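Novice: Contents are PDB, C-alpha atoms; file name coords-v2.pdb:
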ATOM      1  CA  MET N   1     144.165 -43.442  30.155  1.00  0.00           C
ATOM      2  CA  LYS N   2     145.699 -46.681  28.945  1.00  0.00           C
ATOM      3  CA  THR N   3     144.107 -49.868  30.236  1.00  0.00           C
ATOM      4  CA  GLU N   4     145.060 -53.505  29.991  1.00  0.00           C
ATOM      5  CA  LEU N   5     142.790 -56.214  31.344  1.00  0.00           C
ATOM      6  CA  THR N   6     143.693 -59.889  31.461  1.00  0.00           C
ATOM      7  CA  ILE N   7     141.283 -62.542  32.731  1.00  0.00           C
ATOM      8  CA  SER N   8     142.919 -65.910  32.340  1.00  0.00           C
ATOM      9  CA  THR N   9     143.591 -69.294  33.890  1.00  0.00           C
ATOM     10  CA  ALA N  10     147.327 -68.772  33.369  1.00  0.00           C
ATOM     11  CA  ALA N  11     149.543 -68.119  36.399  1.00  0.00           C
ATOM     12  CA  ILE N  12     150.264 -64.446  37.038  1.00  0.00           C
ATOM     13  CA  ASN N  13     153.897 -63.674  36.201  1.00  0.00           C
ATOM     14  CA  GLU N  14     154.623 -60.585  38.290  1.00  0.00           C
ATOM     15  CA  ALA N  15     158.217 -60.259  37.097  1.00  0.00           C
ATOM     16  CA  ALA N  16     157.145 -60.275  33.447  1.00  0.00           C
ATOM     17  CA  LEU N  17     154.415 -57.724  34.161  1.00  0.00           C
ATOM     18  CA  ALA N  18     156.878 -55.430  35.938  1.00  0.00           C
ATOM     19  CA  LYS N  19     159.332 -55.728  33.060  1.00  0.00           C
ATOM     20  CA  ARG N  20     156.708 -54.507  30.571  1.00  0.00           C
ATOM     21  CA  ARG N  21     155.910 -51.417  32.666  1.00  0.00           C
ATOM     22  CA  GLU N  22     155.812 -48.167  30.675  1.00  0.00           C
ATOM     23  CA  MET N  23     155.699 -44.758  32.342  1.00  0.00           C
ATOM     24  CA  GLY N  24     155.331 -41.374  30.676  1.00  0.00           C
ATOM     25  CA  LYS N  25     157.616 -38.451  31.466  1.00  0.00           C
ATOM     26  CA  GLY N  26     155.218 -36.803  33.884  1.00  0.00           C
ATOM     27  CA  MET N  27     154.574 -39.936  35.916  1.00  0.00           C
ATOM     28  CA  GLY N  28     156.142 -40.185  39.365  1.00  0.00           C
ATOM     29  CA  ALA N  29     154.135 -42.939  41.044  1.00  0.00           C
ATOM     30  CA  VAL N  30     153.477 -46.573  40.336  1.00  0.00           C
ATOM     31  CA  ILE N  31     151.402 -48.617  42.732  1.00  0.00           C
ATOM     32  CA  TYR N  32     150.942 -52.314  42.292  1.00  0.00           C
ATOM     33  CA  PHE N  33     148.913 -54.673  44.415  1.00  0.00           C
ATOM     34  CA  SER N  34     149.070 -58.422  44.440  1.00  0.00           C
ATOM     35  CA  GLY N  35     146.237 -60.400  46.030  1.00  0.00           C
ATOM     36  CA  VAL N  36     147.496 -63.825  47.134  1.00  0.00           C
ATOM     37  CA  VAL N  37     145.483 -66.918  48.099  1.00  0.00           C
ATOM     38  CA  ARG N  38     145.710 -67.384  51.878  1.00  0.00           C
ATOM     39  CA  GLU N  39     146.268 -70.756  53.529  1.00  0.00           C
ATOM     40  CA  ILE N  40     143.227 -70.190  55.742  1.00  0.00           C
ATOM     41  CA  GLU N  41     139.731 -69.365  54.461  1.00  0.00           C
ATOM     42  CA  GLY N  42     137.331 -68.608  57.276  1.00  0.00           C
ATOM     43  CA  ASN N  43     138.853 -70.794  59.984  1.00  0.00           C
ATOM     44  CA  ALA N  44     139.680 -73.756  57.788  1.00  0.00           C
ATOM     45  CA  PRO N  45     142.912 -74.649  55.980  1.00  0.00           C
ATOM     46  CA  ILE N  46     142.663 -74.806  52.200  1.00  0.00           C
ATOM     47  CA  THR N  47     144.879 -75.905  49.331  1.00  0.00           C
ATOM     48  CA  ALA N  48     143.567 -73.529  46.671  1.00  0.00           C
ATOM     49  CA  ILE N  49     140.678 -71.384  45.517  1.00  0.00           C
ATOM     50  CA  ASP N  50     138.721 -72.201  42.372  1.00  0.00           C
ATOM     51  CA  TYR N  51     137.653 -68.923  40.694  1.00  0.00           C
ATOM     52  CA  GLU N  52     134.689 -68.719  38.310  1.00  0.00           C
ATOM     53  CA  ALA N  53     133.543 -65.678  36.328  1.00  0.00           C
ATOM     54  CA  HIS N  54     130.745 -64.479  34.110  1.00  0.00           C
ATOM     55  CA  GLU N  55     133.597 -63.371  31.919  1.00  0.00           C
ATOM     56  CA  GLU N  56     131.813 -61.201  29.369  1.00  0.00           C
ATOM     57  CA  MET N  57     130.013 -59.276  32.099  1.00  0.00           C
ATOM     58  CA  ALA N  58     133.213 -59.101  34.166  1.00  0.00           C
ATOM     59  CA  ARG N  59     135.052 -57.454  31.265  1.00  0.00           C
ATOM     60  CA  HIS N  60     132.202 -54.963  30.829  1.00  0.00           C
ATOM     61  CA  GLN N  61     132.070 -54.131  34.541  1.00  0.00           C
ATOM     62  CA  PHE N  62     135.845 -53.678  34.679  1.00  0.00           C
ATOM     63  CA  ALA N  63     135.567 -51.278  31.709  1.00  0.00           C
ATOM     64  CA  LEU N  64     132.971 -49.221  33.610  1.00  0.00           C
ATOM     65  CA  ILE N  65     135.266 -49.105  36.663  1.00  0.00           C
ATOM     66  CA  PHE N  66     138.225 -48.038  34.512  1.00  0.00           C
ATOM     67  CA  ASP N  67     136.045 -45.236  33.080  1.00  0.00           C
ATOM     68  CA  ALA N  68     135.202 -44.092  36.612  1.00  0.00           C
ATOM     69  CA  VAL N  69     138.907 -44.082  37.540  1.00  0.00           C
ATOM     70  CA  GLU N  70     139.727 -41.981  34.497  1.00  0.00           C
ATOM     71  CA  LYS N  71     137.037 -39.438  35.412  1.00  0.00           C
ATOM     72  CA  SER N  72     138.220 -39.135  39.021  1.00  0.00           C
ATOM     73  CA  TRP N  73     142.027 -39.158  38.963  1.00  0.00           C
ATOM     74  CA  PRO N  74     144.835 -38.131  36.556  1.00  0.00           C
ATOM     75  CA  VAL N  75     145.898 -41.737  36.123  1.00  0.00           C
ATOM     76  CA  GLU N  76     148.085 -42.571  33.129  1.00  0.00           C
ATOM     77  CA  SER N  77     147.533 -46.310  33.025  1.00  0.00           C
ATOM     78  CA  VAL N  78     145.837 -49.240  34.714  1.00  0.00           C
ATOM     79  CA  ARG N  79     146.819 -52.846  34.224  1.00  0.00           C
ATOM     80  CA  LEU N  80     144.768 -55.556  35.899  1.00  0.00           C
ATOM     81  CA  VAL N  81     145.110 -59.328  35.817  1.00  0.00           C
ATOM     82  CA  HIS N  82     142.587 -61.672  37.429  1.00  0.00           C
ATOM     83  CA  ARG N  83     143.240 -65.363  37.382  1.00  0.00           C
ATOM     84  CA  LEU N  84     140.434 -67.916  37.011  1.00  0.00           C
ATOM     85  CA  GLY N  85     140.304 -71.628  37.715  1.00  0.00           C
ATOM     86  CA  VAL N  86     142.272 -73.277  40.495  1.00  0.00           C
ATOM     87  CA  VAL N  87     144.786 -70.918  42.138  1.00  0.00           C
ATOM     88  CA  PRO N  88     146.988 -72.695  44.716  1.00  0.00           C
ATOM     89  CA  VAL N  89     147.746 -71.218  48.148  1.00  0.00           C
ATOM     90  CA  ASN N  90     150.507 -68.575  48.116  1.00  0.00           C
ATOM     91  CA  GLU N  91     149.968 -67.758  44.428  1.00  0.00           C
ATOM     92  CA  PRO N  92     148.440 -64.456  43.280  1.00  0.00           C
ATOM     93  CA  SER N  93     144.882 -64.415  42.006  1.00  0.00           C
ATOM     94  CA  LEU N  94     144.849 -60.667  41.362  1.00  0.00           C
ATOM     95  CA  TRP N  95     147.450 -58.161  40.203  1.00  0.00           C
ATOM     96  CA  VAL N  96     146.688 -54.468  39.748  1.00  0.00           C
ATOM     97  CA  GLU N  97     148.997 -51.650  38.706  1.00  0.00           C
ATOM     98  CA  VAL N  98     148.229 -47.935  38.546  1.00  0.00           C
ATOM     99  CA  THR N  99     150.608 -45.252  37.283  1.00  0.00           C
ATOM    100  CA  ALA N 100     149.981 -41.575  37.987  1.00  0.00           C
ATOM    101  CA  PRO N 101     151.886 -38.315  38.489  1.00  0.00           C
ATOM    102  CA  HIS N 102     151.812 -38.551  42.295  1.00  0.00           C
ATOM    103  CA  ARG N 103     151.344 -41.251  44.946  1.00  0.00           C
ATOM    104  CA  ALA N 104     148.115 -39.868  46.451  1.00  0.00           C
ATOM    105  CA  GLU N 105     146.052 -40.330  43.294  1.00  0.00           C
ATOM    106  CA  ALA N 106     147.752 -43.634  42.482  1.00  0.00           C
ATOM    107  CA  PHE N 107     146.924 -45.079  45.930  1.00  0.00           C
ATOM    108  CA  ASP N 108     143.381 -43.700  45.860  1.00  0.00           C
ATOM    109  CA  ALA N 109     142.660 -44.979  42.352  1.00  0.00           C
ATOM    110  CA  CYS N 110     144.066 -48.427  43.121  1.00  0.00           C
ATOM    111  CA  GLN N 111     142.020 -48.703  46.314  1.00  0.00           C
ATOM    112  CA  PHE N 112     138.863 -47.530  44.511  1.00  0.00           C
ATOM    113  CA  LEU N 113     139.409 -49.969  41.672  1.00  0.00           C
ATOM    114  CA  ILE N 114     139.742 -52.984  43.970  1.00  0.00           C
ATOM    115  CA  ASP N 115     136.813 -51.899  46.180  1.00  0.00           C
ATOM    116  CA  GLU N 116     134.584 -51.508  43.125  1.00  0.00           C
ATOM    117  CA  MET N 117     135.718 -54.855  41.720  1.00  0.00           C
ATOM    118  CA  LYS N 118     134.702 -56.556  44.961  1.00  0.00           C
ATOM    119  CA  GLN N 119     131.210 -55.027  44.670  1.00  0.00           C
ATOM    120  CA  LYS N 120     130.479 -55.286  40.950  1.00  0.00           C
ATOM    121  CA  VAL N 121     132.632 -57.669  38.947  1.00  0.00           C
ATOM    122  CA  PRO N 122     130.973 -61.113  38.672  1.00  0.00           C
ATOM    123  CA  ILE N 123     133.768 -63.368  39.858  1.00  0.00           C
ATOM    124  CA  TRP N 124     133.229 -65.973  42.563  1.00  0.00           C
ATOM    125  CA  LYS N 125     135.495 -68.237  44.541  1.00  0.00           C
ATOM    126  CA  LYS N 126     135.185 -71.750  45.872  1.00  0.00           C
ATOM    127  CA  PRO N 127     137.811 -72.673  48.498  1.00  0.00           C
ATOM    128  CA  LEU N 128     139.197 -76.193  48.121  1.00  0.00           C
ATOM    129  CA  PRO N 129     139.684 -77.745  51.576  1.00  0.00           C
ATOM    130  CA  ALA N 130     143.061 -79.154  52.635  1.00  0.00           C
TER     131      ALA N 130
ATOM    132  CA  MET V   1     118.247 -67.164  32.187  1.00  0.00           C
ATOM    133  CA  LYS V   2     121.532 -68.213  33.727  1.00  0.00           C
ATOM    134  CA  PHE V   3     122.599 -69.180  37.224  1.00  0.00           C
ATOM    135  CA  TRP V   4     126.160 -68.575  38.358  1.00  0.00           C
ATOM    136  CA  SER V   5     128.421 -69.802  41.162  1.00  0.00           C
ATOM    137  CA  TYR V   6     126.677 -71.902  43.819  1.00  0.00           C
ATOM    138  CA  PHE V   7     123.282 -70.824  42.487  1.00  0.00           C
ATOM    139  CA  ALA V   8     123.891 -73.353  39.685  1.00  0.00           C
ATOM    140  CA  ASP V   9     124.426 -76.044  42.357  1.00  0.00           C
ATOM    141  CA  LEU V  10     121.232 -75.029  44.171  1.00  0.00           C
ATOM    142  CA  THR V  11     119.107 -75.066  41.018  1.00  0.00           C
ATOM    143  CA  GLY V  12     120.841 -78.081  39.483  1.00  0.00           C
ATOM    144  CA  CYS V  13     121.291 -76.214  36.201  1.00  0.00           C
ATOM    145  CA  LYS V  14     123.291 -73.375  34.725  1.00  0.00           C
ATOM    146  CA  GLU V  15     120.567 -72.267  32.323  1.00  0.00           C
ATOM    147  CA  ALA V  16     116.781 -72.390  32.147  1.00  0.00           C
ATOM    148  CA  GLU V  17     114.128 -70.849  29.929  1.00  0.00           C
ATOM    149  CA  ILE V  18     110.746 -69.492  30.914  1.00  0.00           C
ATOM    150  CA  GLU V  19     107.930 -68.019  28.851  1.00  0.00           C
ATOM    151  CA  LEU V  20     106.987 -64.508  29.941  1.00  0.00           C
ATOM    152  CA  SER V  21     104.057 -62.295  29.154  1.00  0.00           C
ATOM    153  CA  ASP V  22     104.594 -58.747  27.902  1.00  0.00           C
ATOM    154  CA  TYR V  23     105.882 -56.122  30.325  1.00  0.00           C
ATOM    155  CA  THR V  24     107.202 -58.651  32.839  1.00  0.00           C
ATOM    156  CA  THR V  25     109.664 -57.065  35.234  1.00  0.00           C
ATOM    157  CA  LEU V  26     112.913 -58.486  36.524  1.00  0.00           C
ATOM    158  CA  GLY V  27     111.420 -58.641  40.017  1.00  0.00           C
ATOM    159  CA  GLN V  28     108.505 -60.718  38.739  1.00  0.00           C
ATOM    160  CA  VAL V  29     110.935 -63.112  37.063  1.00  0.00           C
ATOM    161  CA  HIS V  30     112.816 -63.423  40.347  1.00  0.00           C
ATOM    162  CA  THR V  31     109.544 -64.413  42.057  1.00  0.00           C
ATOM    163  CA  ILE V  32     108.889 -67.053  39.382  1.00  0.00           C
ATOM    164  CA  VAL V  33     112.452 -68.355  39.776  1.00  0.00           C
ATOM    165  CA  LEU V  34     112.025 -68.690  43.538  1.00  0.00           C
ATOM    166  CA  GLU V  35     108.820 -70.694  43.004  1.00  0.00           C
ATOM    167  CA  GLN V  36     110.532 -72.933  40.472  1.00  0.00           C
ATOM    168  CA  PHE V  37     113.796 -73.272  42.423  1.00  0.00           C
ATOM    169  CA  PRO V  38     112.872 -72.963  46.127  1.00  0.00           C
ATOM    170  CA  LYS V  39     116.463 -73.669  47.235  1.00  0.00           C
ATOM    171  CA  LEU V  40     117.289 -70.106  46.123  1.00  0.00           C
ATOM    172  CA  ALA V  41     114.796 -68.627  48.586  1.00  0.00           C
ATOM    173  CA  GLY V  42     117.342 -68.397  51.416  1.00  0.00           C
ATOM    174  CA  ALA V  43     119.482 -66.124  49.247  1.00  0.00           C
ATOM    175  CA  LYS V  44     116.567 -63.992  48.043  1.00  0.00           C
ATOM    176  CA  ASN V  45     117.707 -60.713  49.584  1.00  0.00           C
ATOM    177  CA  SER V  46     121.347 -61.038  48.588  1.00  0.00           C
ATOM    178  CA  THR V  47     120.694 -62.187  45.012  1.00  0.00           C
ATOM    179  CA  LEU V  48     122.240 -60.002  42.316  1.00  0.00           C
ATOM    180  CA  LYS V  49     120.382 -59.675  39.034  1.00  0.00           C
ATOM    181  CA  ALA V  50     121.706 -58.687  35.627  1.00  0.00           C
ATOM    182  CA  VAL V  51     120.178 -58.314  32.194  1.00  0.00           C
ATOM    183  CA  GLY V  52     122.809 -58.846  29.541  1.00  0.00           C
ATOM    184  CA  LEU V  53     125.974 -57.300  30.999  1.00  0.00           C
ATOM    185  CA  GLU V  54     124.292 -54.721  33.267  1.00  0.00           C
ATOM    186  CA  TYR V  55     122.888 -54.882  36.774  1.00  0.00           C
ATOM    187  CA  GLU V  56     119.225 -53.933  36.795  1.00  0.00           C
ATOM    188  CA  ASP V  57     116.588 -53.174  39.426  1.00  0.00           C
ATOM    189  CA  ASP V  58     113.441 -55.202  40.087  1.00  0.00           C
ATOM    190  CA  ASP V  59     111.289 -52.747  38.120  1.00  0.00           C
ATOM    191  CA  PHE V  60     113.294 -53.227  34.920  1.00  0.00           C
ATOM    192  CA  VAL V  61     110.904 -54.352  32.159  1.00  0.00           C
ATOM    193  CA  LEU V  62     112.231 -57.258  30.125  1.00  0.00           C
ATOM    194  CA  SER V  63     112.164 -57.505  26.342  1.00  0.00           C
ATOM    195  CA  ASP V  64     112.184 -60.481  24.010  1.00  0.00           C
ATOM    196  CA  GLY V  65     115.546 -62.204  23.996  1.00  0.00           C
ATOM    197  CA  ASP V  66     116.901 -60.598  27.155  1.00  0.00           C
ATOM    198  CA  GLU V  67     119.336 -62.840  28.964  1.00  0.00           C
ATOM    199  CA  VAL V  68     118.824 -62.647  32.712  1.00  0.00           C
ATOM    200  CA  SER V  69     121.491 -63.760  35.184  1.00  0.00           C
ATOM    201  CA  PHE V  70     121.021 -64.550  38.860  1.00  0.00           C
ATOM    202  CA  PHE V  71     124.011 -64.882  41.149  1.00  0.00           C
ATOM    203  CA  PRO V  72     125.256 -64.493  44.714  1.00  0.00           C
ATOM    204  CA  PRO V  73     127.393 -61.548  45.911  1.00  0.00           C
ATOM    205  CA  VAL V  74     130.617 -61.333  43.928  1.00  0.00           C
ATOM    206  CA  GLN V  75     133.952 -62.333  45.449  1.00  0.00           C
ATOM    207  CA  GLY V  76     136.747 -61.304  43.092  1.00  0.00           C
ATOM    208  CA  GLY V  77     140.287 -60.722  44.275  1.00  0.00           C
TER     209      GLY V  77
END
Reformat the file's structure so that it appears as structure tokens.
Specialist:
Amino acid sequence: MKTELTISTAAINEAALAKRREMGKGMGAVIYFSGVVREIEGNAPITAIDYEAHEEMARHQFALIFDAVEKSWPVESVRLVHRLGVVPVNEPSLWVEVTAPHRAEAFDACQFLIDEMKQKVPIWKKPLPA
Amino acid sequence: MKFWSYFADLTGCKEAEIELSDYTTLGQVHTIVLEQFPKLAGAKNSTLKAVGLEYEDDDFVLSDGDEVSFFPPVQGG
């Protein structure tokens, strides 16, 4: 399984990521998910979220999750981008793409990957009030 | 050891060093940390603990040079 992990303060360029997509001949499904900063956090309006990571551990934990995906589903590739630093409202903080032969395994793997990330990858957020 | 996210605000530092005797466990270090930084006590049960890049349980026995991290539940995405 091919993997590509980007953890960066740079804005996520979804169009550029989509343009670089590569799919093998047997692949019939591509799922991508974009997590966007909401205007409301809890019940309060915000302007942005400031993301912090224990980056070395985050990369290691993502690698373990990618290994678990590879063992569970016939996924061809995973690309994941997580932005750090200040991410303004309406901009993506997370972008995940999974390619697989069929939609069922692509959806399942993508869901698993994000669920695991939210349990294990040391990234934290601090909402910045409006 | 290192403190991450708002744990660094509660302790007033991102890093601290403590001298340990042989065969000290991660749980024992957590107890020492709570004595030294009582503002972390409210988050005792939700605190996540890692040694190096791996999560470890309270009975994990520490070795010389291990880097221990304490942090609140993660919130990626």
Novice: For chain N against chain V, with a cut-off of 6 Å and counting all atoms listed in the file, what is the closest atom pair and its distance in Å to one decimal for every residue that makes the cut, ordered by chain and number, as a tab-separated table?
Specialist:
residue	atom	partner	partner_atom	distance
N:Met57	CA	V:Leu53	CA	4.6
N:Leu94	CA	V:Gly77	CA	5.4
N:Lys118	CA	V:Gly76	CA	5.5
N:Pro122	CA	V:Val74	CA	5.3
N:Ile123	CA	V:Gly76	CA	4.9
N:Trp124	CA	V:Gln75	CA	4.7
Novice: Would you mind telling me which residue in V:Gln36, V:Lys49, V:Asp9, V:Thr31 lies nearest to V:Val68 when using all atoms listed in the file?
Specialist: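 When distances to V:Val68 are compared using all atoms listed in the file, the smallest one comes from V:Lys49.
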Novice: Can you give me, as a ChimeraX atom specification, the residues this file yields under the PyMOL selection byres ((chain N and resi 81) around 9)?
Specialist: /N:4-8,12,79-80,82-83,93-96
Novice: Written as a list in words, which residues does the PyMOL selection byres ((chain N and resi 102-107) around 7) give for the file shown?
Specialist: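 Residues picked by the PyMOL selection byres ((chain N and resi 102-107) around 7): Gly28, Ala29, Val30, Ile31, Trp73, Val75, Val98, Thr99, Ala100, Pro101, Asp108, Ala109, Cys110 and Gln111 of chain N.
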Novice: Between N:Ala130, N:Ala16, N:Met27, N:Ala44, which residue has the minimum interatomic distance to N:Glu76, considering all atoms listed in the file?
Specialist: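 Smallest distance to N:Glu76 is found for N:Met27.
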Novice: Applied to the shown file, which residues does the PyMOL selection byres ((chain V and resi 40-46) around 9) return, written as a PyMOL selection string?
Specialist: chain V and resi 7+10-11+30+33-35+37-39+47-48+71-73
Novice: For C-alpha atoms, I'd like the residues from the last selection saved as a PDB file, keeping the file's coordinate frame.
Specialist:
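Wrote it out as out-v3.pdb, contents follow:
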ATOM      1  CA  PHE V   7     123.282 -70.824  42.487  1.00  0.00           C
ATOM      2  CA  LEU V  10     121.232 -75.029  44.171  1.00  0.00           C
ATOM      3  CA  THR V  11     119.107 -75.066  41.018  1.00  0.00           C
ATOM      4  CA  HIS V  30     112.816 -63.423  40.347  1.00  0.00           C
ATOM      5  CA  VAL V  33     112.452 -68.355  39.776  1.00  0.00           C
ATOM      6  CA  LEU V  34     112.025 -68.690  43.538  1.00  0.00           C
ATOM      7  CA  GLU V  35     108.820 -70.694  43.004  1.00  0.00           C
ATOM      8  CA  PHE V  37     113.796 -73.272  42.423  1.00  0.00           C
ATOM      9  CA  PRO V  38     112.872 -72.963  46.127  1.00  0.00           C
ATOM     10  CA  LYS V  39     116.463 -73.669  47.235  1.00  0.00           C
ATOM     11  CA  THR V  47     120.694 -62.187  45.012  1.00  0.00           C
ATOM     12  CA  LEU V  48     122.240 -60.002  42.316  1.00  0.00           C
ATOM     13  CA  PHE V  71     124.011 -64.882  41.149  1.00  0.00           C
ATOM     14  CA  PRO V  72     125.256 -64.493  44.714  1.00  0.00           C
ATOM     15  CA  PRO V  73     127.393 -61.548  45.911  1.00  0.00           C
TER      16      PRO V  73
END
Novice: Using only C-alpha atoms, can you list as a PyMOL selection string the residues within 8 Å of (129.6, -52.6, 34.1)?
Specialist: (chain N and resi 57-65+120-121) or (chain V and resi 53-55)
Novice: What would the file look like if the residues just selected were written as a tab-separated table (two decimals), in the coordinates of the input with C-alpha atoms?
Specialist:
chain	number	residue	atom	x	y	z
N	57	MET	CA	130.01	-59.28	32.10
N	58	ALA	CA	133.21	-59.10	34.17
N	59	ARG	CA	135.05	-57.45	31.26
N	60	HIS	CA	132.20	-54.96	30.83
N	61	GLN	CA	132.07	-54.13	34.54
N	62	PHE	CA	135.84	-53.68	34.68
N	63	ALA	CA	135.57	-51.28	31.71
N	64	LEU	CA	132.97	-49.22	33.61
N	65	ILE	CA	135.27	-49.10	36.66
N	120	LYS	CA	130.48	-55.29	40.95
N	121	VAL	CA	132.63	-57.67	38.95
V	53	LEU	CA	125.97	-57.30	31.00
V	54	GLU	CA	124.29	-54.72	33.27
V	55	TYR	CA	122.89	-54.88	36.77
Novice: With distances taken over all atoms listed in the file, which residue among N:Asn43, N:Thr9, N:Ser72, N:Asn90 lies nearest N:Glu55?
Specialist: N:Thr9
Novice: In Å, rounded to a single decimal, give me how far atom CA of N:Lys125 is from atom CA of N:Asp50.
Specialist: 5.6 Å
Novice: Around all of stretch 120-128 of chain N's listed atoms, make the axis-aligned box with 3 Å on each side and tell me centre and edge lengths in Å to one decimal, as JSON.
Specialist:
{"center_x": 134.8, "center_y": -65.7, "center_z": 43.6, "size_x": 14.7, "size_y": 26.9, "size_z": 15.8}
Novice: Can you measure atom CA of N:Ala48 to atom CA of N:Pro129 for me? One decimal in Å is fine.
Specialist: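 Going from atom CA of N:Ala48 over to atom CA of N:Pro129 covers 7.5 Å.
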Novice: Just to confirm, what's the straight-line distance from atom CA of N:Lys71 to atom CA of N:Thr3 in Å (one decimal)?
Specialist: 13.6 Å
